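Participant: What follows is structure39.cif, mmCIF, C-alpha atoms and all ligand atoms.
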```cif
data_upload
loop_
_atom_site.label_atom_id
_atom_site.label_comp_id
_atom_site.auth_asym_id
_atom_site.auth_seq_id
_atom_site.Cartn_x
_atom_site.Cartn_y
_atom_site.Cartn_z
CA MET A 1 0.00 0.00 0.00
CA LEU A 2 1.44 3.39 -0.98
CA ASN A 3 1.84 5.53 2.15
CA ILE A 4 3.46 8.96 1.95
CA ALA A 5 4.24 10.67 5.26
CA ILE A 6 4.79 14.41 5.71
CA ASP A 7 5.65 15.96 9.07
CA GLY A 8 6.50 19.51 9.98
CA PRO A 9 5.52 22.50 12.12
CA SER A 10 2.27 24.47 11.74
CA GLY A 11 2.03 26.72 8.74
CA ALA A 12 4.82 25.11 6.69
CA GLY A 13 2.34 24.35 3.90
CA LYS A 14 1.93 20.63 4.60
CA SER A 15 -1.78 20.40 3.89
CA THR A 16 -1.61 22.40 0.64
CA VAL A 17 1.15 20.25 -0.75
CA ALA A 18 -0.21 16.96 0.62
CA LYS A 19 -3.59 17.65 -1.00
CA ALA A 20 -1.94 18.51 -4.32
CA ILE A 21 0.19 15.34 -4.26
CA ALA A 22 -2.82 13.19 -3.40
CA LYS A 23 -4.77 14.72 -6.29
CA GLU A 24 -1.92 14.23 -8.72
CA LEU A 25 -1.47 10.57 -7.72
CA GLY A 26 -5.20 9.89 -7.40
CA ILE A 27 -4.90 8.75 -3.78
CA LEU A 28 -6.41 9.87 -0.46
CA TYR A 29 -5.22 12.73 1.73
CA LEU A 30 -5.44 12.31 5.50
CA ASP A 31 -5.10 15.45 7.61
CA THR A 32 -4.23 13.99 11.03
CA GLY A 33 -4.22 17.44 12.65
CA ALA A 34 -7.97 17.61 11.93
CA MET A 35 -8.45 14.61 14.25
CA TYR A 36 -6.66 16.33 17.16
CA ARG A 37 -8.65 19.47 16.44
CA ALA A 38 -11.92 17.50 16.60
CA VAL A 39 -11.03 16.07 20.03
CA GLY A 40 -9.98 19.58 21.12
CA LEU A 41 -13.32 20.95 19.94
CA LYS A 42 -15.14 18.30 21.97
CA ALA A 43 -13.28 19.39 25.10
CA VAL A 44 -14.18 23.04 24.43
CA ARG A 45 -17.83 22.13 23.96
CA LEU A 46 -17.86 20.16 27.20
CA GLY A 47 -16.12 23.00 29.04
CA VAL A 48 -13.15 20.73 29.82
CA SER A 49 -9.64 22.19 29.82
CA CYS A 50 -7.46 20.63 27.11
CA THR A 51 -4.64 20.31 29.65
CA ASP A 52 -6.76 18.41 32.18
CA GLU A 53 -5.67 14.85 31.42
CA ASP A 54 -8.04 13.17 33.90
CA LYS A 55 -11.12 14.96 32.59
CA VAL A 56 -10.11 14.37 28.96
CA LYS A 57 -9.63 10.65 29.69
CA GLU A 58 -13.14 10.55 31.15
CA PHE A 59 -14.86 11.70 27.97
CA LEU A 60 -12.40 10.17 25.47
CA PRO A 61 -13.86 6.62 25.30
CA HIS A 62 -17.26 8.11 24.41
CA VAL A 63 -16.06 10.36 21.58
CA GLN A 64 -16.65 9.14 18.05
CA ILE A 65 -14.21 10.50 15.45
CA ASP A 66 -14.80 9.51 11.83
CA VAL A 67 -13.12 10.43 8.58
CA LYS A 68 -15.23 10.39 5.42
CA TYR A 69 -14.29 11.19 1.87
CA GLN A 70 -16.62 13.26 -0.29
CA GLU A 71 -16.28 14.87 -3.68
CA ASP A 72 -14.35 17.81 -2.24
CA GLY A 73 -12.03 15.61 -0.16
CA MET A 74 -11.72 14.62 3.47
CA HIS A 75 -14.36 15.54 6.06
CA ILE A 76 -13.99 15.04 9.79
CA TYR A 77 -16.94 14.02 11.96
CA LEU A 78 -17.30 14.47 15.70
CA ASP A 79 -20.05 12.30 17.18
CA GLY A 80 -21.74 12.14 13.79
CA GLU A 81 -21.52 15.89 13.06
CA ASP A 82 -19.38 17.26 10.23
CA VAL A 83 -17.02 19.66 12.04
CA SER A 84 -14.61 20.24 9.13
CA THR A 85 -15.25 24.01 9.25
CA ALA A 86 -15.70 24.42 13.02
CA ILE A 87 -12.24 22.93 13.78
CA ARG A 88 -10.53 25.73 11.82
CA GLU A 89 -11.52 28.38 14.39
CA HIS A 90 -8.45 29.99 15.90
CA TYR A 91 -9.29 28.99 19.49
CA VAL A 92 -9.26 25.30 18.50
CA SER A 93 -5.59 25.43 17.36
CA LYS A 94 -4.01 25.87 20.80
CA CYS A 95 -6.47 23.45 22.34
CA ALA A 96 -5.58 20.79 19.73
CA SER A 97 -1.90 21.32 20.47
CA ASP A 98 -2.51 20.93 24.24
CA ILE A 99 -4.78 17.91 23.97
CA SER A 100 -2.35 16.17 21.58
CA LYS A 101 0.14 15.89 24.48
CA ILE A 102 -2.11 13.38 26.21
CA PRO A 103 -0.93 9.85 25.30
CA ALA A 104 -4.44 8.34 25.52
CA VAL A 105 -5.67 10.83 22.90
CA ARG A 106 -2.76 10.03 20.60
CA LEU A 107 -3.22 6.26 20.94
CA LYS A 108 -6.90 6.48 20.03
CA LEU A 109 -6.25 8.62 16.94
CA VAL A 110 -3.12 6.76 15.80
CA GLU A 111 -5.15 3.55 15.69
CA LEU A 112 -7.58 5.14 13.24
CA GLN A 113 -4.73 6.66 11.18
CA ARG A 114 -2.97 3.29 10.87
CA GLU A 115 -6.19 1.58 9.89
CA ILE A 116 -6.83 4.08 7.07
CA ALA A 117 -3.20 3.80 5.87
CA ALA A 118 -3.31 0.00 5.89
CA ASN A 119 -6.39 -0.07 3.68
CA ASN A 120 -5.79 2.82 1.28
CA PRO A 121 -3.00 4.46 -0.68
CA VAL A 122 -2.74 7.76 1.18
CA VAL A 123 -0.71 10.91 1.85
CA LEU A 124 -0.77 11.77 5.58
CA ASP A 125 0.46 14.93 7.21
CA GLY A 126 1.04 15.63 10.88
CA ARG A 127 3.78 15.76 13.51
CA ASP A 128 4.61 12.12 14.26
CA ILE A 129 3.72 10.28 11.05
CA THR A 130 7.32 9.61 9.99
CA SER A 131 8.52 8.79 13.52
CA TYR A 132 5.66 6.91 15.14
CA VAL A 133 2.49 6.37 13.13
CA LEU A 134 4.08 4.94 9.96
CA PRO A 135 7.84 4.62 10.43
CA HIS A 136 7.90 2.28 7.40
CA ALA A 137 6.04 4.62 5.04
CA ASN A 138 7.27 4.45 1.44
CA CYS A 139 8.30 8.11 1.33
CA LYS A 140 8.95 10.39 4.28
CA PHE A 141 9.32 14.17 4.23
CA PHE A 142 9.95 16.89 6.81
CA LEU A 143 8.49 20.13 5.49
CA THR A 144 9.47 23.31 7.28
CA ALA A 145 10.12 27.07 6.97
CA SER A 146 11.26 29.72 9.45
CA PRO A 147 8.65 30.92 11.98
CA GLU A 148 8.86 34.43 10.46
CA ILE A 149 8.04 33.20 6.96
CA ARG A 150 5.19 31.03 8.25
CA ALA A 151 3.77 33.96 10.25
CA ARG A 152 4.05 36.28 7.23
CA ARG A 153 2.20 33.77 5.00
CA ARG A 154 -0.55 33.28 7.57
CA THR A 155 -0.95 37.05 8.03
CA ASP A 156 -1.21 37.59 4.27
CA GLU A 157 -3.69 34.72 3.96
CA LEU A 158 -6.00 36.26 6.61
CA LEU A 159 -5.71 39.76 5.15
CA ALA A 160 -6.49 38.43 1.66
CA ARG A 161 -9.67 36.91 3.11
CA GLY A 162 -10.62 40.33 4.51
CA GLN A 163 -9.99 39.22 8.11
CA SER A 164 -7.91 41.11 10.62
CA ALA A 165 -4.38 39.85 11.28
CA ASP A 166 -1.66 40.93 13.66
CA TYR A 167 1.74 39.65 12.45
CA ASP A 168 3.40 39.87 15.87
CA LYS A 169 0.62 37.95 17.59
CA ILE A 170 0.57 35.31 14.84
CA LEU A 171 4.36 34.91 15.10
CA ALA A 172 4.14 34.53 18.90
CA ASP A 173 1.39 31.87 18.50
CA ILE A 174 3.49 29.96 15.96
CA ILE A 175 6.57 29.97 18.19
CA ASP A 176 4.44 28.85 21.14
CA ARG A 177 2.84 26.00 19.18
CA ASP A 178 6.20 24.90 17.72
CA TYR A 179 7.58 24.65 21.24
CA ASN A 180 4.50 22.80 22.52
CA ASP A 181 4.51 20.31 19.63
CA SER A 182 8.24 19.57 19.71
CA HIS A 183 8.75 19.39 23.48
CA ARG A 184 5.98 17.03 24.59
CA ASP A 185 7.11 13.74 26.14
CA PHE A 186 5.15 11.37 23.92
CA CYS A 187 5.79 11.49 20.14
CA PRO A 188 7.10 15.03 19.79
CA LEU A 189 7.54 16.65 16.40
CA THR A 190 10.98 15.66 15.15
CA GLN A 191 12.77 15.11 11.86
CA THR A 192 13.69 11.44 11.46
CA GLU A 193 17.04 10.57 9.86
CA ASP A 194 15.38 8.99 6.85
CA SER A 195 13.01 11.91 6.10
CA ILE A 196 13.80 14.22 3.21
CA LEU A 197 14.11 17.78 4.50
CA VAL A 198 12.20 20.34 2.44
CA ASP A 199 12.47 24.02 3.36
CA SER A 200 9.50 25.76 1.76
CA GLY A 201 10.90 29.18 2.76
CA ASN A 202 11.89 30.28 -0.71
CA MET A 203 9.85 27.83 -2.77
CA SER A 204 6.32 28.21 -4.11
CA ALA A 205 3.72 25.56 -3.24
CA ASP A 206 4.01 24.29 -6.79
CA GLU A 207 7.79 23.95 -6.56
CA VAL A 208 7.47 22.04 -3.29
CA LYS A 209 4.90 19.71 -4.85
CA GLU A 210 7.06 19.02 -7.92
CA TYR A 211 10.16 18.46 -5.80
CA MET A 212 8.37 15.92 -3.61
CA LEU A 213 6.69 14.23 -6.56
CA ARG A 214 10.08 13.68 -8.17
CA HIS A 215 11.21 11.78 -5.06
CA ILE A 216 7.97 9.83 -4.85
CA ARG A 217 8.06 8.82 -8.53
CA LYS A 218 11.68 7.76 -8.23
CA HIS A 219 10.66 5.59 -5.34
CA MET A 220 7.73 4.10 -7.29
CA GLU A 221 9.87 3.15 -10.36
O1 LIG A 301 -1.71 20.42 11.70
P1 LIG A 301 -2.66 21.18 12.65
O2 LIG A 301 -2.18 22.56 12.98
O3 LIG A 301 -4.07 21.16 12.18
O4 LIG A 301 -2.61 20.33 14.02
C1 LIG A 301 -3.24 20.77 15.19
C2 LIG A 301 -2.46 20.26 16.39
O5 LIG A 301 -2.56 18.84 16.47
C3 LIG A 301 -0.96 20.56 16.37
O6 LIG A 301 -0.65 21.73 17.08
C4 LIG A 301 -0.31 19.36 16.98
C5 LIG A 301 -1.33 18.27 16.90
N1 LIG A 301 -0.94 17.20 15.99
C6 LIG A 301 -0.18 16.19 16.49
O7 LIG A 301 0.22 16.26 17.65
N2 LIG A 301 0.12 15.12 15.73
C7 LIG A 301 -0.29 15.03 14.46
N3 LIG A 301 0.03 13.95 13.75
C8 LIG A 301 -1.05 16.09 13.91
C9 LIG A 301 -1.36 17.17 14.70
#
```
Here is the file; what I need is its structure written in the form of structure tokens.

Facilitator:
Amino acid sequence: MLNIAIDGPSGAGKSTVAKAIAKELGILYLDTGAMYRAVGLKAVRLGVSCTDEDKVKEFLPHVQIDVKYQEDGMHIYLDGEDVSTAIREHYVSKCASDISKIPAVRLKLVELQREIAANNPVVLDGRDITSYVLPHANCKFFLTASPEIRARRRTDELLARGQSADYDKILADIIDRDYNDSHRDFCPLTQTEDSILVDSGNMSADEVKEYMLRHIRKHME
């Protein structure tokens, strides 16, 4: 089964490039961050702090997370409700990062990720795909860019959508999330030795896609 794994910090362009690669190869795209966001959203809705491990472990066995594929791609369901849009709210980002530190949360979601990867050719992006979820994936990439470049892109993206954006605050959030994601005890974000490092800092999304596709095709020959 063709499994392509892409890890990297927030805002490096993983989802854009992973979606484009999946489309080009005619395979699925699995956004694993969406799963952590859905569990984070559940905690918010229940009024539970995403850092309160005991409380999170109480509701966790009763949460149903499903991934479904529709014409426009992957949708994420929380207890039967499509929350694909709701999980993109800014307040869910930090909560997802906090809740993803809890090993029980990771184990539940990793099981679902591995099941999807075992049954489908898929491109997955996340933080621990190359190191923990699928260490034997066919192709492994670490996609990154400096925090300043990622913050600038995010700011421009929000402004282009007519939303307000404060570069300094966005940069501080990115640095905070990077630290959180790469310093947790269980499955932190890290570049494995066998992952191909791609710095998207001075590359367009299209260049990144083509560069990765060249590696993938070489591997598939
Ligand atoms: O990729 P994202 O920003 O949507 O992910 C949200 C949070 O989920 C991120 O801050 C860290 C966590 N995450 C993780 O720990 N492991 C993954 N494989 C994917 C995301």

Participant: Collect all residues with atoms no farther than 9 Å from ligand LIG 301 (chain A), counting only C-alpha atoms and all ligand atoms, and output them as an MDAnalysis selection string.

Facilitator: chainID A and resid 7:11 14:15 31:37 40 87:88 92:101 106 109:110 124:129 133 177:178 180:182 187:189

Participant: Closest to A:Phe186 among A:Gly80, A:Ile102, A:Glu58, A:Ile65, using only C-alpha atoms?

Facilitator: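 Once distances to A:Phe186 are computed over only C-alpha atoms, the minimum belongs to A:Ile102.
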
Participant: Between atom CA of A:Glu210 and atom CA of A:Thr130, what is the spacing in Å?

Facilitator: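 Computing it gives 20.2 Å between the two atoms.
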
Participant: Please list as a JSON list (two decimals) with C-alpha atoms, in the coordinates of the input every residue within 7 Å of A:Ala205, counting only C-alpha atoms and excluding residues in the same chain fewer than 3 positions away.

Facilitator:
```
[["chain", "number", "residue", "atom", "x", "y", "z"],
["A", 17, "VAL", "CA", 1.15, 20.25, -0.75],
["A", 208, "VAL", "CA", 7.47, 22.04, -3.29],
["A", 209, "LYS", "CA", 4.90, 19.71, -4.85]]
```

Participant: Point out the residue among A:Val198, A:Glu193, A:Val123, A:Asp168 with the least atom-to-atom distance to A:Leu25, counting all atoms listed in the file.

Facilitator: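 Under the stated criterion, the closest residue is A:Val123.
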
Participant: With all atoms listed in the file as the basis for distance, which of A:Met74, A:Ala172, A:Leu28, A:Val105 is at the shortest distance from A:Ile4?

Facilitator: A:Leu28

Participant: I'd like the interatomic distance between atom CA of A:Gly47 and atom CA of A:Asp176, to a tenth of an Å.

Facilitator: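 Taking atom CA of A:Gly47 and atom CA of A:Asp176, their separation equals 22.8 Å.
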
Participant: Taking all atoms listed in the file into account, name the residue in A:Asp166, A:Asn119, A:Gly26, A:Lys218 that is nearest to A:Gly73.

Facilitator: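 Comparing A:Asp166, A:Asn119, A:Gly26, A:Lys218 against A:Gly73, the winner is A:Gly26.
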
Participant: Find, counting all atoms listed in the file, the residue in A:Leu112, A:Ala86, A:Leu134, A:Ala20 that gets nearest to A:Val44.

Facilitator: A:Ala86

Participant: Would you mind telling me which residue in A:Lys23, A:Arg150, A:His183, A:Lys55 lies nearest to A:Tyr167 when using all atoms listed in the file?

Facilitator: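 Answer, going by the shortest atom-to-atom distance: A:Arg150.
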
Participant: Report as a tab-separated table: every residue of stretch 163-187 of chain A with an atom at most 12 Å from stretch 153-159 of chain A, its closest pair of atoms, and their distance in Å to one decimal, counting only C-alpha atoms, with rows sorted by chain and ascending residue number.

Facilitator:
```
residue	atom	partner	partner_atom	distance
A:Gln163	CA	A:Leu158	CA	5.2
A:Ser164	CA	A:Leu159	CA	6.0
A:Ala165	CA	A:Thr155	CA	5.5
A:Asp166	CA	A:Thr155	CA	6.9
A:Tyr167	CA	A:Thr155	CA	5.8
A:Asp168	CA	A:Thr155	CA	9.4
A:Lys169	CA	A:Thr155	CA	9.7
A:Ile170	CA	A:Thr155	CA	7.2
A:Leu171	CA	A:Thr155	CA	9.1
A:Asp173	CA	A:Arg154	CA	11.2
A:Ile174	CA	A:Arg154	CA	9.9
```
